[in-house]
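Enquirer: For reference, this is query_21.txt, and it has compact mmCIF, C-alpha atoms.
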# COMPACT_ATOMS: atom_id res chain seq x y z
CA MET U 1 0.00 0.00 0.00
CA TYR U 2 1.35 3.41 -0.92
CA TYR U 3 1.65 5.78 2.03
CA ILE U 4 3.47 8.90 3.16
CA ASN U 5 4.53 10.18 6.54
CA ASP U 6 2.11 12.70 8.01
CA CYS U 7 4.39 15.42 9.28
CA LEU U 8 3.50 18.57 11.23
CA HIS U 9 5.28 21.73 10.21
CA ASN U 10 5.37 25.13 11.91
CA THR U 11 6.36 27.78 9.42
CA TYR U 12 6.74 31.45 10.12
CA ALA U 13 7.90 34.22 7.84
CA LYS U 14 9.12 37.46 9.35
CA GLY U 15 9.09 40.62 7.39
CA GLY U 16 10.59 43.99 8.02
CA ASN U 17 11.25 47.36 6.56
CA GLY U 18 7.81 47.50 5.01
CA MET U 19 8.23 44.20 3.12
CA TYR U 20 5.41 41.67 2.80
CA SER U 21 5.17 39.30 5.74
CA PHE U 22 2.83 36.50 6.74
CA GLN U 23 2.37 33.93 9.45
CA THR U 24 0.94 30.49 8.69
CA THR U 25 -1.36 28.51 10.90
CA PHE U 26 0.24 26.58 13.76
CA PHE U 27 0.54 23.41 11.71
CA ILE U 28 0.06 22.03 8.24
CA ASN U 29 -1.59 18.64 8.11
CA THR U 30 -0.17 16.90 5.05
CA GLU U 31 -3.20 14.68 4.53
CA TYR U 32 -5.51 17.68 4.78
CA ALA U 33 -3.37 19.57 2.24
CA ILE U 34 -3.56 16.65 -0.18
CA TRP U 35 -7.33 16.40 -0.11
CA GLN U 36 -7.74 20.15 -0.43
CA SER U 37 -5.47 20.31 -3.50
CA GLU U 38 -6.70 18.74 -6.72
CA PRO U 39 -3.19 18.22 -8.21
CA LEU U 40 -1.96 16.52 -5.02
CA ARG U 41 -5.13 14.46 -4.77
CA ALA U 42 -4.59 13.28 -8.34
CA TYR U 43 -1.09 12.08 -7.51
CA TRP U 44 -2.34 10.40 -4.36
CA GLU U 45 -4.74 8.35 -6.49
CA ILE U 46 -2.10 7.61 -9.14
CA PHE U 47 0.54 6.48 -6.64
CA ASN U 48 -2.05 4.42 -4.76
CA VAL U 49 -2.70 2.24 -7.86
CA LEU U 50 0.98 2.14 -8.90
CA ASP U 51 2.24 -1.36 -8.12
CA LEU U 52 6.03 -1.40 -7.69
CA SER U 53 6.16 -4.61 -5.65
CA THR U 54 8.20 -6.45 -8.31
CA ILE U 55 10.96 -3.81 -8.37
CA PRO U 56 13.57 -3.66 -5.56
CA ASP U 57 13.55 -0.27 -3.89
CA ARG U 58 17.33 -0.26 -3.55
CA THR U 59 19.77 -1.31 -6.23
CA HIS U 60 22.65 -2.29 -3.92
CA ASP U 61 22.84 -4.59 -0.89
CA SER U 62 25.99 -2.97 0.45
CA GLY U 63 27.60 0.43 0.40
CA ARG U 64 25.76 3.72 0.55
CA LYS U 65 22.01 3.49 0.83
CA GLY U 66 21.33 5.75 -2.12
CA TYR U 67 17.96 7.06 -3.21
CA SER U 68 14.76 5.08 -3.47
CA VAL U 69 14.16 3.55 -6.91
CA HIS U 70 10.42 3.73 -6.28
CA ALA U 71 10.70 7.44 -5.48
CA MET U 72 12.53 8.16 -8.73
CA ILE U 73 9.91 6.26 -10.75
CA ARG U 74 7.14 8.29 -9.10
CA ALA U 75 9.08 11.50 -9.80
CA LEU U 76 9.43 10.58 -13.49
CA ILE U 77 5.67 9.95 -13.64
CA VAL U 78 5.20 13.49 -12.30
CA LYS U 79 7.55 14.74 -15.03
CA HIS U 80 5.44 13.26 -17.82
CA ARG U 81 2.05 14.15 -16.41
CA GLU U 82 3.15 17.75 -15.90
CA ARG U 83 4.90 17.78 -19.33
CA ILE U 84 8.15 18.93 -17.74
CA THR U 85 10.76 19.03 -20.48
CA SER U 86 13.93 18.07 -18.61
CA ILE U 87 15.30 16.52 -15.42
CA PRO U 88 16.61 19.85 -14.01
CA ARG U 89 13.13 21.37 -14.45
CA LEU U 90 11.66 18.33 -12.68
CA ILE U 91 13.97 18.84 -9.70
CA ASP U 92 12.99 22.51 -9.56
CA HIS U 93 9.32 21.51 -9.68
CA LEU U 94 9.69 19.10 -6.77
CA LYS U 95 11.70 21.60 -4.73
CA GLY U 96 8.85 24.05 -5.14
CA ASN U 97 6.30 21.39 -4.12
CA PRO U 98 7.67 19.79 -0.94
CA ILE U 99 4.46 17.85 -0.23
CA LEU U 100 4.59 16.34 -3.73
CA ALA U 101 8.26 15.46 -3.22
CA GLU U 102 7.30 13.76 0.05
CA MET U 103 4.55 11.85 -1.77
CA CYS U 104 7.09 10.65 -4.34
CA GLY U 105 9.24 9.28 -1.51
CA PHE U 106 11.85 12.02 -0.97
CA PRO U 107 11.57 12.94 2.73
CA ASN U 108 12.67 16.28 4.14
CA GLY U 109 13.07 17.78 0.68
CA ILE U 110 16.26 15.79 -0.05
CA LEU U 111 16.28 15.14 -3.82
CA PRO U 112 18.74 13.26 -6.05
CA ASP U 113 21.08 15.18 -8.29
CA GLU U 114 20.12 15.31 -11.98
CA SER U 115 23.02 12.97 -12.82
CA GLN U 116 21.43 10.28 -10.64
CA PHE U 117 18.16 10.53 -12.56
CA TYR U 118 20.07 10.28 -15.84
CA ARG U 119 22.01 7.27 -14.56
CA PHE U 120 18.81 5.59 -13.44
CA LEU U 121 17.14 6.08 -16.82
CA GLY U 122 20.23 4.99 -18.75
CA GLN U 123 21.12 1.89 -16.72
CA THR U 124 17.68 0.45 -15.95
CA LYS U 125 16.56 -2.38 -18.22
CA HIS U 126 13.75 -1.38 -20.53
CA SER U 127 11.87 -4.58 -19.73
CA ILE U 128 11.26 -3.33 -16.16
CA PHE U 129 9.16 -0.43 -17.40
CA SER U 130 7.49 -2.57 -20.09
CA ASP U 131 6.44 -5.07 -17.41
CA LEU U 132 4.98 -2.23 -15.34
CA LEU U 133 2.90 -1.12 -18.33
CA LEU U 134 1.64 -4.67 -18.86
CA THR U 135 0.79 -5.14 -15.17
CA HIS U 136 -1.36 -2.03 -14.98
CA ASN U 137 -3.03 -2.67 -18.33
CA LYS U 138 -4.07 -6.13 -17.13
CA ALA U 139 -5.51 -4.48 -14.03
CA LEU U 140 -7.63 -2.32 -16.35
CA ILE U 141 -8.76 -5.43 -18.22
CA GLU U 142 -9.74 -7.13 -14.95
CA LYS U 143 -11.83 -4.09 -14.07
CA LYS U 144 -13.47 -4.32 -17.54
CA ALA U 145 -12.27 -0.83 -18.42
CA LEU U 146 -10.21 -2.00 -21.38
CA SER U 147 -11.40 -4.18 -24.27
CA LEU U 148 -9.42 -6.30 -26.72
CA ASP U 149 -11.58 -6.28 -29.85
CA THR U 150 -10.33 -3.14 -31.63
CA PHE U 151 -6.72 -2.00 -31.96
CA ILE U 152 -5.30 1.16 -33.53
CA LEU U 153 -1.71 1.44 -34.78
CA ASP U 154 0.34 4.59 -35.24
CA SER U 155 3.67 6.22 -34.41
CA LYS U 156 4.90 9.62 -33.26
CA PRO U 157 8.22 11.38 -33.94
CA VAL U 158 10.65 11.84 -31.05
CA LEU U 159 13.16 14.60 -31.72
CA ALA U 160 16.71 13.83 -30.60
CA ALA U 161 18.70 16.25 -28.45
CA THR U 162 21.05 17.57 -31.12
CA LYS U 163 21.95 20.90 -32.69
CA GLU U 164 20.90 19.43 -36.05
CA ASN U 165 17.25 19.82 -34.99
CA ASN U 166 17.69 23.46 -33.98
CA PRO U 167 15.98 25.66 -36.61
CA LYS U 168 18.24 28.54 -35.60
CA ASN U 169 21.35 26.58 -36.55
CA PRO U 170 22.32 27.70 -40.07
CA ASP U 171 24.74 24.79 -40.54
CA ARG U 172 22.47 21.95 -39.45
CA ASN U 173 22.52 18.78 -41.50
CA LEU U 174 19.09 17.58 -42.68
CA THR U 175 20.17 15.92 -45.93
CA LYS U 176 23.17 13.66 -45.32
CA LYS U 177 21.87 10.66 -43.40
CA ASP U 178 25.31 9.07 -43.06
CA GLN U 179 26.67 11.98 -41.03
CA LYS U 180 25.23 11.05 -37.63
CA PRO U 181 25.01 13.61 -34.78
CA ALA U 182 28.10 13.25 -32.60
CA ARG U 183 26.24 12.95 -29.28
CA ASN U 184 23.26 10.97 -30.60
CA PRO U 185 24.67 8.20 -32.81
CA ASP U 186 21.50 6.07 -32.65
CA ALA U 187 19.28 8.83 -34.03
CA THR U 188 18.45 8.65 -37.73
CA LEU U 189 17.20 11.12 -40.31
CA GLY U 190 13.51 11.03 -41.16
CA TYR U 191 10.55 13.04 -42.40
CA LEU U 192 8.51 15.20 -40.04
CA ALA U 193 4.97 15.89 -41.26
CA LYS U 194 3.49 18.88 -39.46
CA GLU U 195 -0.04 20.11 -38.94
CA PRO U 196 -2.00 21.61 -41.89
CA GLY U 197 -0.61 25.05 -42.64
CA GLY U 198 2.82 24.29 -41.22
CA SER U 199 5.87 23.50 -43.32
CA SER U 200 7.13 19.93 -43.21
CA SER U 201 10.80 19.10 -42.86
CA PHE U 202 13.29 16.42 -41.91
CA PHE U 203 14.62 15.73 -38.42
CA TRP U 204 17.05 13.55 -36.49
CA GLY U 205 15.53 11.28 -33.90
CA TYR U 206 13.33 8.29 -33.20
CA ARG U 207 9.71 7.20 -33.43
CA THR U 208 7.57 5.76 -30.67
CA HIS U 209 5.29 3.07 -32.14
CA VAL U 210 2.15 2.04 -30.27
CA ILE U 211 -0.95 -0.11 -30.49
CA VAL U 212 -3.77 1.46 -28.49
CA SER U 213 -7.18 0.08 -27.59
CA LYS U 214 -10.39 1.79 -28.63
CA GLU U 215 -10.50 3.30 -25.12
CA GLY U 216 -7.22 5.12 -25.85
CA ILE U 217 -4.80 3.06 -23.74
CA ALA U 218 -1.38 2.00 -25.07
CA LEU U 219 -1.14 -1.80 -24.94
CA VAL U 220 2.27 -2.39 -26.51
CA GLU U 221 4.89 0.10 -27.60
CA CYS U 222 8.47 0.45 -28.74
CA THR U 223 10.77 3.34 -29.60
CA LEU U 224 13.11 2.81 -32.52
CA PRO U 225 15.35 4.91 -34.79
CA ASN U 226 13.35 7.09 -37.12
CA SER U 227 14.48 5.31 -40.28
CA VAL U 228 12.47 2.15 -39.45
CA ALA U 229 9.16 2.27 -41.35
CA ASP U 230 5.82 1.95 -39.54
CA ALA U 231 4.81 -1.14 -41.49
CA GLU U 232 8.06 -2.92 -40.57
CA VAL U 233 7.41 -2.44 -36.85
CA ALA U 234 3.69 -3.24 -36.97
CA GLN U 235 4.02 -7.00 -37.40
CA THR U 236 6.43 -7.26 -34.44
CA LEU U 237 4.10 -5.22 -32.23
CA ILE U 238 1.07 -7.31 -33.20
CA LYS U 239 2.96 -10.53 -32.36
CA GLN U 240 3.84 -9.04 -28.99
CA LEU U 241 0.21 -8.01 -28.49
CA LYS U 242 -0.97 -11.54 -29.24
CA LYS U 243 1.56 -13.05 -26.83
CA LEU U 244 0.80 -10.70 -23.94
CA TYR U 245 -2.97 -10.25 -24.24
CA SER U 246 -4.24 -13.25 -26.28
CA PHE U 247 -6.92 -11.39 -28.20
CA GLU U 248 -9.50 -13.46 -30.06
CA THR U 249 -9.98 -14.18 -33.76
CA GLY U 250 -11.91 -11.49 -35.61
CA ALA U 251 -10.31 -8.52 -33.85
CA LEU U 252 -10.14 -5.30 -35.84
CA PHE U 253 -6.88 -3.48 -36.60
CA ILE U 254 -7.08 0.13 -37.78
CA ALA U 255 -4.14 2.08 -39.23
CA ASP U 256 -3.41 4.85 -41.71
CA ALA U 257 -2.11 4.49 -45.25
CA SER U 258 1.53 4.19 -44.17
CA TYR U 259 0.69 0.60 -43.12
CA ASP U 260 -0.71 -0.29 -46.57
CA VAL U 261 1.65 -3.17 -47.43
CA ASN U 262 0.75 -6.69 -48.56
CA GLU U 263 2.83 -8.47 -45.92
CA LEU U 264 0.90 -6.83 -43.07
CA TYR U 265 -2.47 -7.73 -44.62
CA ASP U 266 -1.34 -11.33 -45.07
CA PHE U 267 -0.31 -11.51 -41.42
CA ILE U 268 -3.45 -9.91 -39.96
CA ILE U 269 -6.05 -11.43 -42.28
CA GLY U 270 -4.33 -14.63 -43.39
CA ARG U 271 -2.55 -15.82 -40.24
CA LEU U 272 -4.43 -14.20 -37.38
CA LYS U 273 -7.88 -14.41 -39.04
CA CYS U 274 -8.57 -10.82 -38.01
CA GLN U 275 -9.68 -7.71 -39.88
CA ALA U 276 -7.48 -4.88 -41.20
CA PHE U 277 -9.12 -1.54 -41.98
CA ILE U 278 -6.35 0.38 -43.73
CA PRO U 279 -6.93 2.86 -46.59
CA VAL U 280 -5.06 2.52 -49.85
CA ASN U 281 -1.83 4.48 -50.06
CA PRO U 282 -2.27 6.63 -53.21
CA ARG U 283 1.45 6.44 -53.90
CA ALA U 284 1.07 2.70 -54.43
CA THR U 285 -1.75 2.98 -57.01
CA ARG U 286 -1.91 3.84 -60.68
CA SER U 287 -4.42 5.98 -62.54
CA PRO U 288 -7.12 3.83 -64.20
CA HIS U 289 -7.16 3.43 -67.97
CA PRO U 290 -9.92 5.29 -69.88
CA LEU U 291 -12.55 2.77 -71.07
CA GLY U 292 -14.48 2.43 -74.31
CA GLU U 293 -18.18 1.68 -74.77
CA HIS U 294 -17.61 -2.08 -74.36
CA GLY U 295 -15.65 -1.69 -71.12
CA ARG U 296 -12.26 -2.25 -72.73
CA PRO U 297 -9.38 0.25 -72.36
CA ARG U 298 -8.63 2.82 -75.03
CA CYS U 299 -5.24 3.35 -76.60
CA ASP U 300 -3.53 6.71 -77.19
CA ALA U 301 -5.40 6.97 -80.51
CA GLU U 302 -8.74 6.69 -78.62
CA LEU U 303 -9.43 3.28 -80.20
CA GLU U 304 -11.03 0.61 -78.03
CA MET U 305 -8.48 -2.16 -77.66
CA SER U 306 -9.02 -5.87 -78.31
CA PHE U 307 -8.98 -8.63 -75.67
CA ASP U 308 -6.01 -10.99 -76.00
CA GLY U 309 -6.24 -13.48 -73.17
CA THR U 310 -5.91 -13.95 -69.41
CA TRP U 311 -3.09 -15.19 -67.21
CA PHE U 312 -2.44 -15.46 -63.46
CA ASP U 313 0.67 -13.89 -61.93
CA THR U 314 1.41 -16.28 -59.06
CA ARG U 315 4.10 -14.07 -57.56
CA ARG U 316 1.76 -11.09 -57.20
CA ARG U 317 -1.39 -13.23 -56.85
CA THR U 318 -3.02 -11.16 -59.56
CA LEU U 319 -5.31 -12.17 -62.44
CA LYS U 320 -4.25 -10.16 -65.49
CA ARG U 321 -6.35 -9.52 -68.60
CA LYS U 322 -4.38 -8.46 -71.64
CA PHE U 323 -5.57 -6.03 -74.32
CA ILE U 324 -3.71 -5.24 -77.53
CA CYS U 325 -3.91 -2.81 -80.43
CA PRO U 326 -7.15 -3.41 -82.41
CA ILE U 327 -5.35 -2.70 -85.70
CA LYS U 328 -2.73 -5.35 -85.05
CA LYS U 329 -5.43 -7.74 -83.85
CA SER U 330 -7.44 -7.38 -87.08
CA LYS U 331 -4.32 -8.03 -89.22
CA LYS U 332 -5.72 -5.84 -91.98
CA GLN U 333 -3.18 -4.58 -94.47
CA GLY U 334 -2.69 -0.92 -95.24
CA ILE U 335 -4.17 0.43 -92.01
CA GLY U 336 -1.78 2.44 -89.88
CA CYS U 337 -1.99 3.95 -86.41
CA PRO U 338 -3.92 7.26 -86.47
CA VAL U 339 -1.36 8.90 -84.17
CA ASN U 340 1.63 7.01 -85.55
CA HIS U 341 2.55 5.58 -82.15
CA PRO U 342 6.18 4.35 -82.02
CA LYS U 343 5.00 0.88 -81.02
CA SER U 344 2.72 0.64 -84.06
CA HIS U 345 5.70 -0.43 -86.18
CA GLY U 346 6.16 -3.49 -84.02
CA TYR U 347 3.79 -5.48 -81.82
CA GLY U 348 1.60 -2.49 -81.01
CA CYS U 349 0.28 -1.03 -77.75
CA THR U 350 -0.75 -3.26 -74.85
CA ARG U 351 -2.81 -2.67 -71.70
CA TYR U 352 -3.46 -4.90 -68.69
CA PHE U 353 -6.40 -5.07 -66.32
CA CYS U 354 -5.32 -6.52 -62.98
CA GLU U 355 -7.73 -8.24 -60.63
CA VAL U 356 -5.79 -8.54 -57.40
CA ARG U 357 -6.67 -11.61 -55.33
CA THR U 358 -4.86 -10.72 -52.13
CA ALA U 359 -5.80 -10.00 -48.54
CA ARG U 360 -5.21 -6.33 -49.28
CA ALA U 361 -7.87 -6.38 -52.00
CA SER U 362 -10.43 -8.00 -49.67
CA VAL U 363 -10.74 -4.94 -47.40
CA PRO U 364 -14.25 -3.42 -47.88
CA ARG U 365 -13.07 0.16 -48.25
CA ASP U 366 -16.26 1.35 -49.96
CA SER U 367 -18.57 0.09 -47.20
CA ALA U 368 -20.33 2.18 -44.58
CA ARG U 369 -18.78 0.00 -41.85
CA PHE U 370 -15.26 0.81 -43.02
CA THR U 371 -16.05 4.54 -42.87
CA ARG U 372 -17.59 4.18 -39.42
CA GLU U 373 -14.82 2.05 -37.91
CA TYR U 374 -11.95 3.95 -39.51
CA ALA U 375 -13.21 7.10 -37.80
CA ARG U 376 -12.01 5.50 -34.55
CA ARG U 377 -8.43 6.20 -35.67
CA ILE U 378 -8.78 9.65 -34.12
CA THR U 379 -8.40 7.86 -30.77
CA VAL U 380 -4.66 7.39 -31.31
CA GLU U 381 -4.27 11.02 -32.39
CA GLN U 382 -5.97 12.10 -29.17
CA TYR U 383 -3.71 9.75 -27.24
CA PHE U 384 -0.59 11.33 -28.74
CA SER U 385 -1.89 14.81 -27.94
CA ARG U 386 -2.20 13.78 -24.29
CA LEU U 387 1.29 12.32 -24.43
CA GLY U 388 2.88 15.67 -25.30
CA SER U 389 3.31 18.03 -28.21
CA ILE U 390 0.97 17.24 -31.10
CA GLU U 391 3.68 17.32 -33.77
CA ALA U 392 6.58 15.55 -32.06
CA GLU U 393 7.79 14.43 -28.66
CA GLN U 394 10.98 16.03 -27.38
CA THR U 395 13.80 14.30 -25.53
CA THR U 396 16.86 15.69 -23.76
CA HIS U 397 18.71 12.35 -23.65
CA TYR U 398 21.50 10.99 -25.83
CA ARG U 399 21.23 7.19 -25.63
CA HIS U 400 18.65 4.98 -27.28
CA ARG U 401 17.88 3.00 -24.11
CA THR U 402 17.34 6.22 -22.15
CA VAL U 403 14.92 7.49 -24.80
CA GLN U 404 13.14 4.11 -24.78
CA ASN U 405 12.72 4.24 -21.01
CA GLN U 406 11.52 7.85 -21.15
CA MET U 407 8.79 7.01 -23.67
CA THR U 408 7.67 3.84 -21.87
CA ILE U 409 7.26 5.81 -18.63
CA ALA U 410 5.21 8.34 -20.60
CA HIS U 411 2.90 5.54 -21.83
CA LEU U 412 2.77 4.08 -18.32
CA THR U 413 1.64 7.44 -16.95
CA GLN U 414 -1.40 7.43 -19.22
CA SER U 415 -2.35 3.91 -18.12
CA LEU U 416 -1.98 4.90 -14.46
CA VAL U 417 -4.31 7.86 -14.95
CA ALA U 418 -6.89 5.50 -16.46
CA LEU U 419 -6.50 2.98 -13.64
CA ALA U 420 -6.78 5.72 -10.99
CA ALA U 421 -9.99 7.01 -12.61
CA VAL U 422 -11.46 3.51 -12.63
CA SER U 423 -10.49 2.94 -8.98
CA MET U 424 -12.41 6.14 -8.14
CA ASN U 425 -15.47 4.72 -9.96
CA ARG U 426 -15.06 7.26 -12.75
CA PRO U 427 -14.47 5.10 -15.83
CA GLU U 428 -15.73 7.89 -18.07
CA ASN U 429 -12.64 9.93 -17.04
CA ILE U 430 -9.94 7.44 -18.04
CA ARG U 431 -8.70 9.87 -20.70
CA SER U 432 -9.05 13.00 -18.54
CA TYR U 433 -5.43 12.99 -17.48
CA ARG U 434 -5.65 16.49 -15.96
CA THR U 435 -9.08 16.50 -14.35
CA PHE U 436 -9.90 12.87 -13.46
CA ALA U 437 -9.58 13.58 -9.70
CA ARG U 438 -11.68 16.75 -9.73
CA ILE U 439 -14.46 16.78 -7.16
CA ALA U 440 -17.78 17.71 -8.75
In structure tokens, write the structure found in this file.
Expert:
Amino acid sequence: MYYINDCLHNTYAKGGNGMYSFQTTFFINTEYAIWQSEPLRAYWEIFNVLDLSTIPDRTHDSGRKGYSVHAMIRALIVKHRERITSIPRLIDHLKGNPILAEMCGFPNGILPDESQFYRFLGQTKHSIFSDLLLTHNKALIEKKALSLDTFILDSKPVLAATKENNPKNPDRNLTKKDQKPARNPDATLGYLAKEPGGSSSFFWGYRTHVIVSKEGIALVECTLPNSVADAEVAQTLIKQLKKLYSFETGALFIADASYDVNELYDFIIGRLKCQAFIPVNPRATRSPHPLGEHGRPRCDAELEMSFDGTWFDTRRRTLKRKFICPIKKSKKQGIGCPVNHPKSHGYGCTRYFCEVRTARASVPRDSARFTREYARRITVEQYFSRLGSIEAEQTTHYRHRTVQNQMTIAHLTQSLVALAAVSMNRPENIRSYRTFARIA
């Protein structure tokens, strides 16, 4: 059970020379202060549902006692919920909120140095934080606040801490991907798509990939270098999701057009026997051929072409119908191409109609259900907006593992807010990360 020491404090401030002065009441009851302050009450609820029983509170059996591991985890949760940008700003925040520091587990206002926070984030195994996320998500499932029938995939940019991402740096490198930033060698160069009206650009960094439930809770996540495509990560995340949560056949996966690849459809629809509602990526499609009155394509001379057989492309699993030049098909002598097409002197023009027989082609994109279900994709956009900046997350760390741990704690914070809201019998507030503890 999470608890804090209830301390009595007598605080007096003496003023002089006309300066402002005040005298507090004889004592400050910490518990009373918590329940009178909505921010402190929110952290009381969050820390009360945070289960750290599987993590040793001290990392060493001998030597100096050091700082509490549990306290540093709670402090990092405060950092992400308050959207504090760096460890030094977090320390300043806790120094200015001594009751909150006490709730985290730092008694008497004694806080670790920033280097100890950095060391903790850099040396702690990522699996420890991933297991925490899984534990609290399963608690949400047990309380029937989280369902496993609809999953939404997406990713968010994470900007690396490097001068190459500084728009005020006139010499920054955003074109040569082989020239890695000196202090961030794991960061890679990628494309940053901004909000409508803003200019897009490239950046050095990572991407945090997630699968969220329809309630807006991150189930599985990973943070990888920015050069790894969304579709490449998706299959690994779905396998992890299946292993950890054992969702049933027929589950629905929703993603944007960046996941429109045949291999992912084959895995979701073919192997898992689930549904994939993903729109077609327009960059992977061709413009349709203009058709004649008999439904056959027209050539450049506006002549309706002649059918010349059918064959099945086993590699692409596509049925192809071939159409050829009607003049060459008729074999009449003395008739030339009206536009004198270069190919008319040889075999003539050809066109193909392709009937794709793949899992990708089986998605009912023109149905009302697809439109209705795909609208749920806004859930992951809302989730990312709660996570931090809408366009991209920012990190002040230089190692990949540290960035991974930072992002997993950020996802864990959102799950803890949801679990705290459910424990307060307010399941409708699981996404109200700022106001879930507000007393009506």
Enquirer: Using all atoms listed in the file, pick whichever of U:Ser330, U:Ser213, U:Thr85, U:Ser367 has the shortest atom-to-atom distance to Ser415 in chain U.
Expert: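 Under the stated criterion, the closest residue is U:Ser213.
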Enquirer: So what do you get for CA of Leu412 in chain U versus CA of Gly96 in chain U, distance-wise?
Expert: 24.7 Å
Enquirer: Show which residues sit within 12 Å of Ala421 in chain U, as a count of residues only. Count all atoms listed in the file, and ignore same-chain residues fewer than 3 positions away.
Expert: 31
Enquirer: From the set U:Phe47, U:Pro112, U:His411, U:Asp256, which residue has the shortest atom-to-atom contact distance to Ser423 in chain U, counting all atoms listed in the file?
Expert: U:Phe47
Enquirer: Which is closer to Tyr383 in chain U than all the others in U:Lys332, U:Lys156, U:Arg317, U:Arg271, using only C-alpha atoms?
Expert: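 Residue with the minimum atom-to-atom distance to Tyr383 in chain U: U:Lys156.
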Enquirer: Which one is closest to Leu387 in chain U: U:Val422, U:Val363, U:Met305, U:Ala410? Count all atoms listed in the file.
Expert: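 Smallest distance to Leu387 in chain U is found for U:Ala410.
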Enquirer: Go through U:Cys104, U:His400, U:Leu146, U:Val69 one by one, measure the shortest atom-to-atom distance of each to Gln116 in chain U using all atoms listed in the file, and give the residue with the smallest value.
Expert: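 Nearest to Gln116 in chain U: U:Val69.
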Enquirer: Of the candidates U:Leu272, U:Thr350, U:Val158, U:Gln179, which shows the shortest atom-to-atom distance to Tyr206 in chain U, using only C-alpha atoms?
Expert: U:Val158
Enquirer: Please provide the set of residues having any atom within 6 Å of range 219-231 of chain U, restricted to all atoms listed in the file, with same-chain residues fewer than 6 positions apart removed, written as a ChimeraX atom specification.
Expert: /U:187-188,190,205-212,259,404
Enquirer: List the spatial neighbours of Ile278 in chain U as a list in words - criterion: any atom at most 9 Å away, all atoms listed in the file, same-chain residues fewer than 3 positions off excluded.
Expert: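 Near Ile278 in chain U, the qualifying residues are Phe253, Ile254, Ala255, Asp256, Ala257, Ser258, Tyr259, Asp260, Asn281, Arg360, Val363, Arg365, Phe370 and Tyr374 of chain U.
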Enquirer: Report, in Å to a single decimal, how far apart CA of Phe151 in chain U and CA of Lys138 in chain U are.
Expert: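 Distance between the two atoms: 15.6 Å.
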Enquirer: Please list as a list in words every residue within 12 Å of Asp131 in chain U, counting all atoms listed in the file and excluding residues in the same chain fewer than 5 positions away.
Expert: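 Listing them by chain and then by number gives Asp51, Leu52, Ser53, Thr54, Ile55, Lys125, His126, His136, Asn137, Lys138, Leu219, Val220, Glu221, Leu244, Asn405, Thr408, Ile409 and Leu412 of chain U.
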Enquirer: Which distance in Å separates CA of Val261 in chain U and CA of Thr314 in chain U, to one decimal?
Expert: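 Computing the Euclidean distance for CA of Val261 in chain U and CA of Thr314 in chain U yields 17.5 Å.
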Enquirer: Which residues are near Phe247 in chain U? Cut-off 8 Å, all atoms listed in the file, ignore same chain within fewer than 5 positions. Put them as an MDAnalysis selection string.
Expert: chainID U and resid 148:149 241:242
Enquirer: Taking (14.3, 19.0, -43.5) as a centre in this file's frame and 7 Å as the limit, can you find every polymer residue with an atom that close, using all atoms listed in the file, and give them as a PyMOL selection string?
Expert: chain U and resi 174+201-203
Enquirer: Atoms to include: C-alpha atoms. Write the selected residues as a short mmCIF file (atom, residue, chain, number, x, y, z; two decimals), in the frame of the given file.
Expert:
data_model
loop_
_atom_site.label_atom_id
_atom_site.label_comp_id
_atom_site.auth_asym_id
_atom_site.auth_seq_id
_atom_site.Cartn_x
_atom_site.Cartn_y
_atom_site.Cartn_z
CA LEU U 174 19.09 17.58 -42.68
CA SER U 201 10.80 19.10 -42.86
CA PHE U 202 13.29 16.42 -41.91
CA PHE U 203 14.62 15.73 -38.42
#
Enquirer: Quick one: range 43-60 of chain U with C-alpha atoms, as a PDB file, in the first residue's frame?
Expert:
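Dumped everything to out22.pdb:
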ATOM      1  CA  TYR U  43      -1.088  12.075  -7.514  1.00  0.00           C
ATOM      2  CA  TRP U  44      -2.344  10.400  -4.358  1.00  0.00           C
ATOM      3  CA  GLU U  45      -4.743   8.354  -6.493  1.00  0.00           C
ATOM      4  CA  ILE U  46      -2.097   7.608  -9.144  1.00  0.00           C
ATOM      5  CA  PHE U  47       0.539   6.484  -6.636  1.00  0.00           C
ATOM      6  CA  ASN U  48      -2.046   4.421  -4.763  1.00  0.00           C
ATOM      7  CA  VAL U  49      -2.699   2.243  -7.863  1.00  0.00           C
ATOM      8  CA  LEU U  50       0.978   2.141  -8.898  1.00  0.00           C
ATOM      9  CA  ASP U  51       2.237  -1.364  -8.119  1.00  0.00           C
ATOM     10  CA  LEU U  52       6.030  -1.396  -7.688  1.00  0.00           C
ATOM     11  CA  SER U  53       6.160  -4.607  -5.651  1.00  0.00           C
ATOM     12  CA  THR U  54       8.198  -6.448  -8.310  1.00  0.00           C
ATOM     13  CA  ILE U  55      10.956  -3.814  -8.371  1.00  0.00           C
ATOM     14  CA  PRO U  56      13.567  -3.664  -5.565  1.00  0.00           C
ATOM     15  CA  ASP U  57      13.552  -0.266  -3.894  1.00  0.00           C
ATOM     16  CA  ARG U  58      17.332  -0.256  -3.553  1.00  0.00           C
ATOM     17  CA  THR U  59      19.774  -1.314  -6.228  1.00  0.00           C
ATOM     18  CA  HIS U  60      22.646  -2.292  -3.919  1.00  0.00           C
TER      19      HIS U  60
END
